[in-house]
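Note: the block below is protein-v4.cif and it holds mmCIF, C-alpha atoms.
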```cif
data_upload
loop_
_atom_site.label_atom_id
_atom_site.label_comp_id
_atom_site.auth_asym_id
_atom_site.auth_seq_id
_atom_site.Cartn_x
_atom_site.Cartn_y
_atom_site.Cartn_z
CA MET A 72 2.10 105.84 66.30
CA THR A 73 -1.08 107.59 65.27
CA ASN A 74 -1.41 111.09 66.64
CA TRP A 75 -4.81 110.58 68.28
CA ARG A 76 -3.47 108.07 70.78
CA ARG A 77 -2.68 109.21 74.28
CA PRO A 78 0.19 107.62 76.22
CA THR A 79 -0.78 104.53 78.18
CA ARG A 80 0.03 104.15 81.86
CA TRP A 81 1.30 100.73 82.88
CA TRP A 82 -0.57 100.66 86.17
CA ALA A 83 -3.87 101.53 84.48
CA GLU A 84 -3.31 98.82 81.86
CA LEU A 85 -2.43 96.29 84.55
CA LEU A 86 -5.58 97.14 86.49
CA LEU A 87 -7.73 96.89 83.36
CA LEU A 88 -6.31 93.51 82.35
CA GLY A 89 -6.64 92.24 85.92
CA LEU A 90 -10.31 93.20 86.01
CA VAL A 91 -10.95 91.60 82.62
CA TYR A 92 -9.20 88.37 83.63
CA GLY A 93 -11.13 88.31 86.91
CA ALA A 94 -14.40 88.76 85.03
CA TYR A 95 -13.36 86.04 82.59
CA SER A 96 -12.43 83.58 85.35
CA GLY A 97 -15.60 84.26 87.32
CA GLY A 98 -17.81 84.15 84.26
CA ARG A 99 -16.16 80.92 83.12
CA LEU A 100 -17.13 79.30 86.40
CA LEU A 101 -20.69 80.59 86.18
CA ALA A 102 -21.03 79.23 82.66
CA ARG A 103 -20.72 75.61 83.74
CA GLY A 104 -23.94 74.53 82.09
CA ASP A 105 -25.64 71.15 82.31
CA VAL A 106 -23.24 68.20 82.26
CA GLN A 107 -25.42 66.04 80.03
CA LEU A 108 -25.86 68.93 77.61
CA ALA A 109 -22.07 69.38 77.54
CA VAL A 110 -21.58 65.68 76.82
CA ASP A 111 -24.17 65.82 74.03
CA HIS A 112 -22.37 68.76 72.45
CA GLY A 113 -19.03 66.95 72.67
CA LEU A 114 -20.42 63.80 71.05
CA ALA A 115 -22.08 65.85 68.30
CA ILE A 116 -18.74 67.51 67.48
CA LEU A 117 -16.97 64.14 67.49
CA ARG A 118 -19.55 62.56 65.18
CA PHE A 119 -19.32 65.51 62.79
CA GLU A 120 -15.53 65.35 62.71
CA ARG A 121 -15.45 61.60 62.17
CA GLY A 122 -17.95 61.91 59.37
CA LEU A 123 -15.51 64.24 57.59
CA SER A 124 -12.32 62.47 58.80
CA LEU A 125 -11.33 65.56 60.80
CA ASP A 126 -10.90 63.86 64.19
CA PHE A 127 -7.15 64.55 64.34
CA GLU A 128 -7.34 64.46 68.13
CA SER A 129 -7.89 60.67 68.11
CA PRO A 130 -4.54 59.52 66.65
CA LEU A 131 -2.66 62.29 68.47
CA ASN A 132 -4.11 61.23 71.80
CA ARG A 133 -3.19 57.60 71.17
CA LEU A 134 0.36 58.71 70.39
CA PHE A 135 0.69 60.86 73.53
CA THR A 136 -0.82 58.10 75.66
CA ALA A 137 1.61 55.48 74.39
CA HIS A 138 4.76 57.59 74.68
CA ALA A 139 5.51 59.43 77.92
CA TRP A 140 8.33 61.39 76.28
CA LEU A 141 5.60 63.08 74.19
CA GLY A 142 2.76 63.09 76.70
CA VAL A 143 4.58 64.55 79.70
CA PRO A 144 6.07 67.60 77.90
CA ALA A 145 2.71 68.16 76.21
CA ASP A 146 0.97 68.25 79.58
CA PHE A 147 3.45 70.82 80.87
CA VAL A 148 2.93 72.93 77.75
CA TYR A 149 -0.84 72.77 78.15
CA ALA A 150 -0.80 73.50 81.88
CA SER A 151 1.55 76.47 81.91
CA LEU A 152 2.77 77.96 78.65
CA HIS A 153 -0.20 80.16 77.82
CA TYR A 154 -0.03 81.70 81.30
CA LEU A 155 3.58 82.71 80.66
CA ILE A 156 3.82 83.59 76.98
CA THR A 157 0.60 85.59 76.61
CA PRO A 158 1.46 88.22 79.27
CA ALA A 159 5.10 88.21 78.13
CA VAL A 160 4.07 89.13 74.57
CA LEU A 161 1.71 91.79 75.90
CA VAL A 162 4.52 93.40 77.93
CA TRP A 163 6.87 93.14 74.93
CA ILE A 164 4.38 94.93 72.68
CA TYR A 165 3.84 97.60 75.35
CA HIS A 166 7.57 98.41 75.50
CA ARG A 167 8.80 97.67 71.97
CA ARG A 168 5.79 98.60 69.80
CA PRO A 169 3.74 101.13 71.80
CA GLY A 170 1.92 102.30 68.66
CA ALA A 171 0.41 98.83 68.27
CA TYR A 172 -0.23 98.13 71.95
CA ARG A 173 -3.77 99.46 72.29
CA THR A 174 -5.01 97.53 69.29
CA ALA A 175 -3.27 94.34 70.49
CA ARG A 176 -4.73 94.70 73.99
CA THR A 177 -8.25 95.41 72.72
CA TRP A 178 -7.94 92.46 70.35
CA LEU A 179 -7.01 90.11 73.19
CA VAL A 180 -9.69 91.38 75.56
CA SER A 181 -12.55 91.35 73.06
CA SER A 182 -11.64 87.86 71.82
CA THR A 183 -11.46 86.52 75.37
CA LEU A 184 -14.88 87.91 76.22
CA LEU A 185 -16.28 86.41 73.03
CA GLY A 186 -14.87 83.07 74.14
CA LEU A 187 -16.73 83.44 77.43
CA VAL A 188 -19.95 83.91 75.47
CA GLY A 189 -19.16 80.68 73.62
CA PHE A 190 -18.67 78.79 76.90
CA ALA A 191 -22.04 80.02 78.15
CA LEU A 192 -23.97 79.27 74.95
CA MET A 193 -22.34 75.93 74.18
CA PRO A 194 -20.91 74.05 77.18
CA THR A 195 -18.86 71.24 75.69
CA CYS A 196 -17.37 68.13 77.21
CA PRO A 197 -13.71 67.71 76.15
CA PRO A 198 -12.63 64.38 74.66
CA ARG A 199 -10.81 63.32 77.85
CA LEU A 200 -14.08 63.35 79.84
CA LEU A 201 -16.04 61.24 77.36
CA HIS A 202 -16.62 57.54 78.09
CA LEU A 203 -13.57 55.38 77.44
CA ALA A 204 -15.52 53.63 74.71
CA HIS A 205 -14.93 56.69 72.51
CA GLY A 206 -11.21 55.99 72.55
CA PHE A 207 -9.71 58.92 74.50
CA ASN A 208 -7.36 58.88 77.45
CA ASP A 209 -6.79 61.77 79.86
CA THR A 210 -3.02 62.29 79.65
CA MET A 211 -3.15 64.89 82.43
CA ALA A 212 -4.45 62.19 84.77
CA GLN A 213 -2.11 59.53 83.35
CA TYR A 214 1.00 61.64 83.91
CA SER A 215 -0.17 63.60 86.95
CA ALA A 216 2.73 62.24 89.04
CA TYR A 217 5.08 64.37 86.90
CA GLY A 218 3.33 67.70 87.51
CA TRP A 219 1.23 69.78 89.86
CA TRP A 220 -2.08 68.89 88.27
CA GLY A 221 -4.46 66.09 89.12
CA ALA A 222 -7.27 64.60 87.08
CA GLU A 223 -9.12 67.91 86.66
CA ALA A 224 -7.51 69.58 83.65
CA SER A 225 -4.57 71.85 84.43
CA ALA A 226 -5.79 72.98 87.85
CA PRO A 227 -3.47 72.22 90.76
CA ARG A 228 -4.46 69.23 92.85
CA GLY A 229 -7.41 70.03 95.08
CA LEU A 230 -8.45 73.13 93.11
CA GLY A 231 -10.47 71.44 90.41
CA SER A 232 -13.70 73.00 91.73
CA PHE A 233 -12.34 76.42 90.74
CA THR A 234 -12.32 75.63 87.05
CA ASN A 235 -14.96 74.79 84.46
CA GLN A 236 -13.96 71.57 82.75
CA TYR A 237 -16.76 71.88 80.20
CA ALA A 238 -15.47 75.09 78.61
CA ALA A 239 -13.92 73.44 75.56
CA MET A 240 -15.61 75.38 72.74
CA PRO A 241 -13.86 77.56 71.61
CA SER A 242 -10.27 76.76 72.55
CA LEU A 243 -8.75 79.94 73.95
CA HIS A 244 -5.47 78.06 74.36
CA VAL A 245 -5.32 78.07 70.57
CA GLY A 246 -6.80 81.56 70.30
CA TRP A 247 -4.28 83.16 72.65
CA ALA A 248 -1.42 81.26 70.98
CA LEU A 249 -2.54 82.57 67.60
CA TRP A 250 -2.63 86.11 69.01
CA CYS A 251 0.93 85.73 70.32
CA GLY A 252 2.15 84.15 67.11
CA LEU A 253 0.75 86.80 64.80
CA LEU A 254 2.19 89.64 66.90
CA LEU A 255 5.62 88.00 67.06
CA TRP A 256 5.55 87.41 63.31
CA ARG A 257 4.36 90.95 62.54
CA TYR A 258 6.59 92.92 64.89
CA GLY A 259 9.52 90.63 65.63
CA ARG A 260 12.74 91.62 63.86
CA HIS A 261 14.93 88.65 64.62
CA PRO A 262 14.30 85.55 62.45
CA LEU A 263 14.16 83.32 65.53
CA LEU A 264 11.44 85.46 67.04
CA ARG A 265 9.38 85.26 63.87
CA ALA A 266 9.97 81.51 63.67
CA ALA A 267 8.70 81.17 67.24
CA GLY A 268 5.64 83.19 66.23
CA ALA A 269 4.89 80.71 63.45
CA ALA A 270 5.60 77.59 65.54
CA TYR A 271 3.81 78.46 68.79
CA PRO A 272 0.18 78.33 67.51
CA LEU A 273 0.89 75.08 65.66
CA LEU A 274 2.49 73.52 68.74
CA THR A 275 -0.44 74.59 70.92
CA THR A 276 -2.98 73.15 68.49
CA VAL A 277 -1.22 69.78 68.48
CA VAL A 278 -0.91 69.79 72.28
CA VAL A 279 -4.56 70.60 73.06
CA MET A 280 -5.67 67.75 70.79
CA GLY A 281 -3.03 65.22 71.84
CA THR A 282 -3.83 65.72 75.53
CA ALA A 283 -7.55 65.22 74.71
CA ASN A 284 -8.49 68.62 76.09
CA HIS A 285 -9.99 69.88 72.81
CA TYR A 286 -11.44 68.72 69.54
CA PHE A 287 -10.06 69.93 66.24
CA LEU A 288 -13.18 72.10 65.76
CA ASP A 289 -12.51 73.74 69.15
CA ALA A 290 -9.19 74.90 67.74
CA VAL A 291 -10.87 76.17 64.57
CA ALA A 292 -13.42 78.05 66.69
CA GLY A 293 -10.60 79.55 68.78
CA ALA A 294 -9.00 80.93 65.62
CA GLY A 295 -12.38 82.23 64.47
CA VAL A 296 -12.95 84.05 67.76
CA MET A 297 -9.58 85.76 67.39
CA GLY A 298 -10.52 86.85 63.86
CA VAL A 299 -13.75 88.45 65.08
CA GLY A 300 -11.89 90.05 67.98
CA LEU A 301 -9.41 91.61 65.55
CA LEU A 302 -12.26 93.10 63.50
CA ILE A 303 -13.75 94.56 66.69
CA ALA A 304 -10.40 96.05 67.73
CA ARG A 305 -9.85 97.67 64.35
CA GLY A 306 -13.39 99.02 64.31
CA LEU A 307 -12.87 100.61 67.73
CA ASP A 308 -9.59 102.09 66.46
CA ARG A 309 -11.34 103.72 63.51
CA LEU A 310 -14.11 105.05 65.74
CA ALA A 311 -11.58 106.56 68.17
CA ALA A 312 -9.65 108.13 65.29
CA ARG A 313 -12.81 109.76 63.87
CA ARG A 314 -13.78 111.12 67.27
CA ALA A 315 -10.29 112.52 67.78
CA ALA A 316 -10.35 114.16 64.34
CA ALA A 317 -13.71 115.80 65.12
CA THR A 318 -12.45 117.27 68.41
CA PRO A 319 -11.40 120.96 68.06
CA ALA A 320 -7.68 121.53 68.30
CA ALA A 321 -6.34 123.04 71.51
CA PRO A 322 -5.32 126.76 71.32
CA ALA A 323 -1.68 127.54 70.59
CA PRO A 324 0.48 127.74 73.73
CA ALA A 325 1.68 131.09 75.00
CA GLU A 326 5.15 132.31 74.06
CA ALA A 327 7.73 133.29 76.59
CA VAL A 328 9.01 136.86 76.13
CA PRO A 329 12.09 137.85 78.14
CA GLY A 330 11.18 140.32 80.83
CA ALA A 331 7.50 140.24 79.97
CA GLY A 332 6.29 136.92 81.39
CA PHE A 333 4.02 135.02 78.96
CA ARG A 334 1.93 136.40 76.15
CA ARG A 335 -0.18 134.83 73.45
CA ALA A 336 1.30 133.72 70.18
CA SER A 337 2.13 136.46 67.68
CA PRO A 338 -1.00 137.71 65.89
CA ILE A 339 -1.70 136.73 62.33
CA VAL A 340 -1.90 139.75 60.00
CA GLY A 341 -3.34 140.06 56.53
CA GLY A 342 -2.06 137.61 53.94
CA GLY A 343 -0.87 135.15 56.56
CA TRP A 344 2.17 137.21 57.60
CA GLU A 345 3.30 137.13 61.20
CA THR A 346 5.12 139.77 63.21
CA SER A 347 7.74 139.04 65.80
CA ALA A 348 8.17 140.84 69.10
CA GLY A 349 8.99 144.57 68.55
CA GLU A 350 8.71 144.41 64.76
CA LEU A 351 6.75 147.17 62.96
CA LEU A 352 4.49 146.70 60.01
CA PRO A 353 5.75 148.22 56.72
CA ALA A 354 3.34 151.17 57.06
CA GLN A 355 4.71 151.97 60.52
CA ARG A 356 8.37 152.03 59.57
CA PRO A 357 9.98 155.53 59.12
CA SER A 358 10.70 156.55 55.54
CA ALA A 359 13.93 158.10 54.25
CA ASP A 360 12.34 161.58 54.39
CA ASP A 361 11.63 161.13 58.10
CA ASP A 362 15.32 160.52 58.69
CA ALA A 363 16.41 163.77 56.91
CA PRO A 364 17.28 166.91 59.02
CA ALA A 365 14.35 169.22 59.57
CA ALA A 366 16.22 172.14 57.88
CA ALA A 367 16.49 170.23 54.62
CA ARG A 368 12.73 169.64 54.38
#
```

Could you quickly redo this structure as structure tokens?
Amino acid sequence: MTNWRRPTRWWAELLLLGLVYGAYSGGRLLARGDVQLAVDHGLAILRFERGLSLDFESPLNRLFTAHAWLGVPADFVYASLHYLITPAVLVWIYHRRPGAYRTARTWLVSSTLLGLVGFALMPTCPPRLLHLAHGFNDTMAQYSAYGWWGAEASAPRGLGSFTNQYAAMPSLHVGWALWCGLLLWRYGRHPLLRAAGAAYPLLTTVVVMGTANHYFLDAVAGAGVMGVGLLIARGLDRLAARRAAATPAAPAPAEAVPGAGFRRASPIVGGGWETSAGELLPAQRPSADDDAPAAAR
């Protein structure tokens, strides 16, 4: 842990993250944008991907649509896992790697807020909401009888109005999964934990495309947002370290002297020597002549 960091308080961190998530959720709803504009953005992404043969979401969605044993688990993963694993990794870092916690938290927060900016600037219709002629099927709607969601993304039935279904670019599902995966890989000691860190972002990327909730380029943008967020977090770390280094050091604490209460630390004398309580300087110590009897002088 770097010496300029002050201890974090769990309740203050919880309050901060709650406020950030509230701002994110509220801002995400405000950034709904025009539906036709969102559809135009979605079609533009799809045309670009198909021109470069990057539309991996198309075959994956056909596979998940045809096989319930793939589609149903994928829907559960999409609807719930990021709400469970992301805070779990944050708590794990807080307790197991406190020296890395502040950077990890700032990284997550800054990346999430950048994602909100992306939702506002580029509202995007996900593949599942495009016309059926484009070849996508909404697996969340197809398999809704198996879960708590309806036909409005992962929101519980009847609460679809509380979510923005046109916030596809960038994919924060992928971004948050990448954040979790990199931290588990970097700080996990057990091989299984590191393997989970490598697998989780890949699984999430496949799931968001197979369920037709995101395009491949949404996933790429989600990873890009996390990269920029990491640069911001490290920059803020360096700024805080420089400010801490420029702050004058606190005065030395007082020493306890038996029977005399507290006094300041022992004074520094010439040449860097220090005296302890009751000790005399060399010039103050009695010489051998001073110890001789007066009659012999």

Margin query: Around (-17.2, 80.4, 67.9), as given in the file, which residues come within 6 Å? Count all atoms listed in the file and list them as a VMD selection string.
Written below: chain A and resid 241 292 296

Check: What do you get, as a list in words, if you spell out every residue that the PyMOL selection byres ((chain A and resi 156-165) around 8) selects here?
Finding: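 Applying the expression gives Leu152, His153, Tyr154, Leu155, His166, Arg167, Arg168, Pro169, Ala171, Tyr172, Ala175, Arg176, Trp247, Ala248, Cys251, Leu254 and Leu255 of chain A.
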
Checklist line | Expansion of the PyMOL selection byres ((chain A and resi 268) around 8) into residues, as JSON, numbers by chain | finding: {"A": [251, 252, 253, 254, 255, 256, 264, 265, 266, 267, 269, 270, 271, 272]}

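Separating CA of Arg309 (chain A) from CA of Met297 (chain A) is a distance of 18.5 Å.
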
Check: Which residue out of A:Ala294, A:Leu114, A:Leu123, A:Ala238 has the minimum interatomic distance to Ala204 (chain A) when all atoms listed in the file are used?
Finding: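 Smallest separation from Ala204 (chain A) among the options: A:Leu114.
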
Can you complete the atoms of region 288-317 of chain A to N, CA and C atoms and list them as a PDB file, in the frame of the given file?
```pdb
ATOM      1  N   LEU A 288     -12.270  70.975  66.016  1.00  0.00           N
ATOM      2  CA  LEU A 288     -13.180  72.100  65.760  1.00  0.00           C
ATOM      3  C   LEU A 288     -13.125  73.141  66.872  1.00  0.00           C
ATOM      4  N   ASP A 289     -12.737  72.742  68.086  1.00  0.00           N
ATOM      5  CA  ASP A 289     -12.510  73.740  69.150  1.00  0.00           C
ATOM      6  C   ASP A 289     -11.379  74.677  68.756  1.00  0.00           C
ATOM      7  N   ALA A 290     -10.321  74.092  68.179  1.00  0.00           N
ATOM      8  CA  ALA A 290      -9.190  74.900  67.740  1.00  0.00           C
ATOM      9  C   ALA A 290      -9.594  75.839  66.608  1.00  0.00           C
ATOM     10  N   VAL A 291     -10.386  75.327  65.670  1.00  0.00           N
ATOM     11  CA  VAL A 291     -10.870  76.170  64.570  1.00  0.00           C
ATOM     12  C   VAL A 291     -11.719  77.316  65.126  1.00  0.00           C
ATOM     13  N   ALA A 292     -12.578  77.011  66.087  1.00  0.00           N
ATOM     14  CA  ALA A 292     -13.420  78.050  66.690  1.00  0.00           C
ATOM     15  C   ALA A 292     -12.571  79.073  67.443  1.00  0.00           C
ATOM     16  N   GLY A 293     -11.494  78.614  68.097  1.00  0.00           N
ATOM     17  CA  GLY A 293     -10.600  79.550  68.780  1.00  0.00           C
ATOM     18  C   GLY A 293      -9.973  80.527  67.816  1.00  0.00           C
ATOM     19  N   ALA A 294      -9.557  80.042  66.644  1.00  0.00           N
ATOM     20  CA  ALA A 294      -9.000  80.930  65.620  1.00  0.00           C
ATOM     21  C   ALA A 294     -10.071  81.881  65.097  1.00  0.00           C
ATOM     22  N   GLY A 295     -11.299  81.377  64.945  1.00  0.00           N
ATOM     23  CA  GLY A 295     -12.380  82.230  64.470  1.00  0.00           C
ATOM     24  C   GLY A 295     -12.709  83.346  65.446  1.00  0.00           C
ATOM     25  N   VAL A 296     -12.704  83.029  66.732  1.00  0.00           N
ATOM     26  CA  VAL A 296     -12.950  84.050  67.760  1.00  0.00           C
ATOM     27  C   VAL A 296     -11.895  85.142  67.698  1.00  0.00           C
ATOM     28  N   MET A 297     -10.640  84.758  67.487  1.00  0.00           N
ATOM     29  CA  MET A 297      -9.580  85.760  67.390  1.00  0.00           C
ATOM     30  C   MET A 297      -9.767  86.628  66.151  1.00  0.00           C
ATOM     31  N   GLY A 298     -10.263  86.053  65.052  1.00  0.00           N
ATOM     32  CA  GLY A 298     -10.520  86.850  63.860  1.00  0.00           C
ATOM     33  C   GLY A 298     -11.597  87.888  64.103  1.00  0.00           C
ATOM     34  N   VAL A 299     -12.685  87.493  64.761  1.00  0.00           N
ATOM     35  CA  VAL A 299     -13.750  88.450  65.080  1.00  0.00           C
ATOM     36  C   VAL A 299     -13.240  89.503  66.049  1.00  0.00           C
ATOM     37  N   GLY A 300     -12.447  89.091  67.025  1.00  0.00           N
ATOM     38  CA  GLY A 300     -11.890  90.050  67.980  1.00  0.00           C
ATOM     39  C   GLY A 300     -11.005  91.080  67.306  1.00  0.00           C
ATOM     40  N   LEU A 301     -10.253  90.665  66.291  1.00  0.00           N
ATOM     41  CA  LEU A 301      -9.410  91.610  65.550  1.00  0.00           C
ATOM     42  C   LEU A 301     -10.264  92.621  64.797  1.00  0.00           C
ATOM     43  N   LEU A 302     -11.360  92.177  64.197  1.00  0.00           N
ATOM     44  CA  LEU A 302     -12.260  93.100  63.500  1.00  0.00           C
ATOM     45  C   LEU A 302     -12.854  94.117  64.480  1.00  0.00           C
ATOM     46  N   ILE A 303     -13.211  93.660  65.681  1.00  0.00           N
ATOM     47  CA  ILE A 303     -13.750  94.560  66.690  1.00  0.00           C
ATOM     48  C   ILE A 303     -12.692  95.595  67.091  1.00  0.00           C
ATOM     49  N   ALA A 304     -11.463  95.136  67.318  1.00  0.00           N
ATOM     50  CA  ALA A 304     -10.400  96.050  67.730  1.00  0.00           C
ATOM     51  C   ALA A 304     -10.131  97.109  66.672  1.00  0.00           C
ATOM     52  N   ARG A 305     -10.092  96.700  65.415  1.00  0.00           N
ATOM     53  CA  ARG A 305      -9.850  97.670  64.350  1.00  0.00           C
ATOM     54  C   ARG A 305     -11.017  98.629  64.192  1.00  0.00           C
ATOM     55  N   GLY A 306     -12.234  98.127  64.369  1.00  0.00           N
ATOM     56  CA  GLY A 306     -13.390  99.020  64.310  1.00  0.00           C
ATOM     57  C   GLY A 306     -13.361 100.059  65.419  1.00  0.00           C
ATOM     58  N   LEU A 307     -12.985  99.649  66.621  1.00  0.00           N
ATOM     59  CA  LEU A 307     -12.870 100.610  67.730  1.00  0.00           C
ATOM     60  C   LEU A 307     -11.758 101.609  67.469  1.00  0.00           C
ATOM     61  N   ASP A 308     -10.673 101.170  66.829  1.00  0.00           N
ATOM     62  CA  ASP A 308      -9.590 102.090  66.460  1.00  0.00           C
ATOM     63  C   ASP A 308     -10.092 103.167  65.512  1.00  0.00           C
ATOM     64  N   ARG A 309     -10.829 102.747  64.480  1.00  0.00           N
ATOM     65  CA  ARG A 309     -11.340 103.720  63.510  1.00  0.00           C
ATOM     66  C   ARG A 309     -12.316 104.684  64.160  1.00  0.00           C
ATOM     67  N   LEU A 310     -13.159 104.187  65.048  1.00  0.00           N
ATOM     68  CA  LEU A 310     -14.110 105.050  65.740  1.00  0.00           C
ATOM     69  C   LEU A 310     -13.386 106.076  66.603  1.00  0.00           C
ATOM     70  N   ALA A 311     -12.349 105.639  67.329  1.00  0.00           N
ATOM     71  CA  ALA A 311     -11.580 106.560  68.170  1.00  0.00           C
ATOM     72  C   ALA A 311     -10.863 107.601  67.325  1.00  0.00           C
ATOM     73  N   ALA A 312     -10.348 107.190  66.156  1.00  0.00           N
ATOM     74  CA  ALA A 312      -9.650 108.130  65.290  1.00  0.00           C
ATOM     75  C   ALA A 312     -10.612 109.188  64.742  1.00  0.00           C
ATOM     76  N   ARG A 313     -11.822 108.780  64.364  1.00  0.00           N
ATOM     77  CA  ARG A 313     -12.810 109.760  63.870  1.00  0.00           C
ATOM     78  C   ARG A 313     -13.219 110.736  64.960  1.00  0.00           C
ATOM     79  N   ARG A 314     -13.406 110.223  66.170  1.00  0.00           N
ATOM     80  CA  ARG A 314     -13.780 111.120  67.270  1.00  0.00           C
ATOM     81  C   ARG A 314     -12.669 112.098  67.586  1.00  0.00           C
ATOM     82  N   ALA A 315     -11.422 111.634  67.521  1.00  0.00           N
ATOM     83  CA  ALA A 315     -10.290 112.520  67.780  1.00  0.00           C
ATOM     84  C   ALA A 315     -10.177 113.590  66.698  1.00  0.00           C
ATOM     85  N   ALA A 316     -10.443 113.191  65.431  1.00  0.00           N
ATOM     86  CA  ALA A 316     -10.350 114.160  64.340  1.00  0.00           C
ATOM     87  C   ALA A 316     -11.447 115.209  64.432  1.00  0.00           C
ATOM     88  N   ALA A 317     -12.602 114.856  65.008  1.00  0.00           N
ATOM     89  CA  ALA A 317     -13.710 115.800  65.120  1.00  0.00           C
ATOM     90  C   ALA A 317     -13.576 116.720  66.328  1.00  0.00           C
TER      91      ALA A 317
END
```
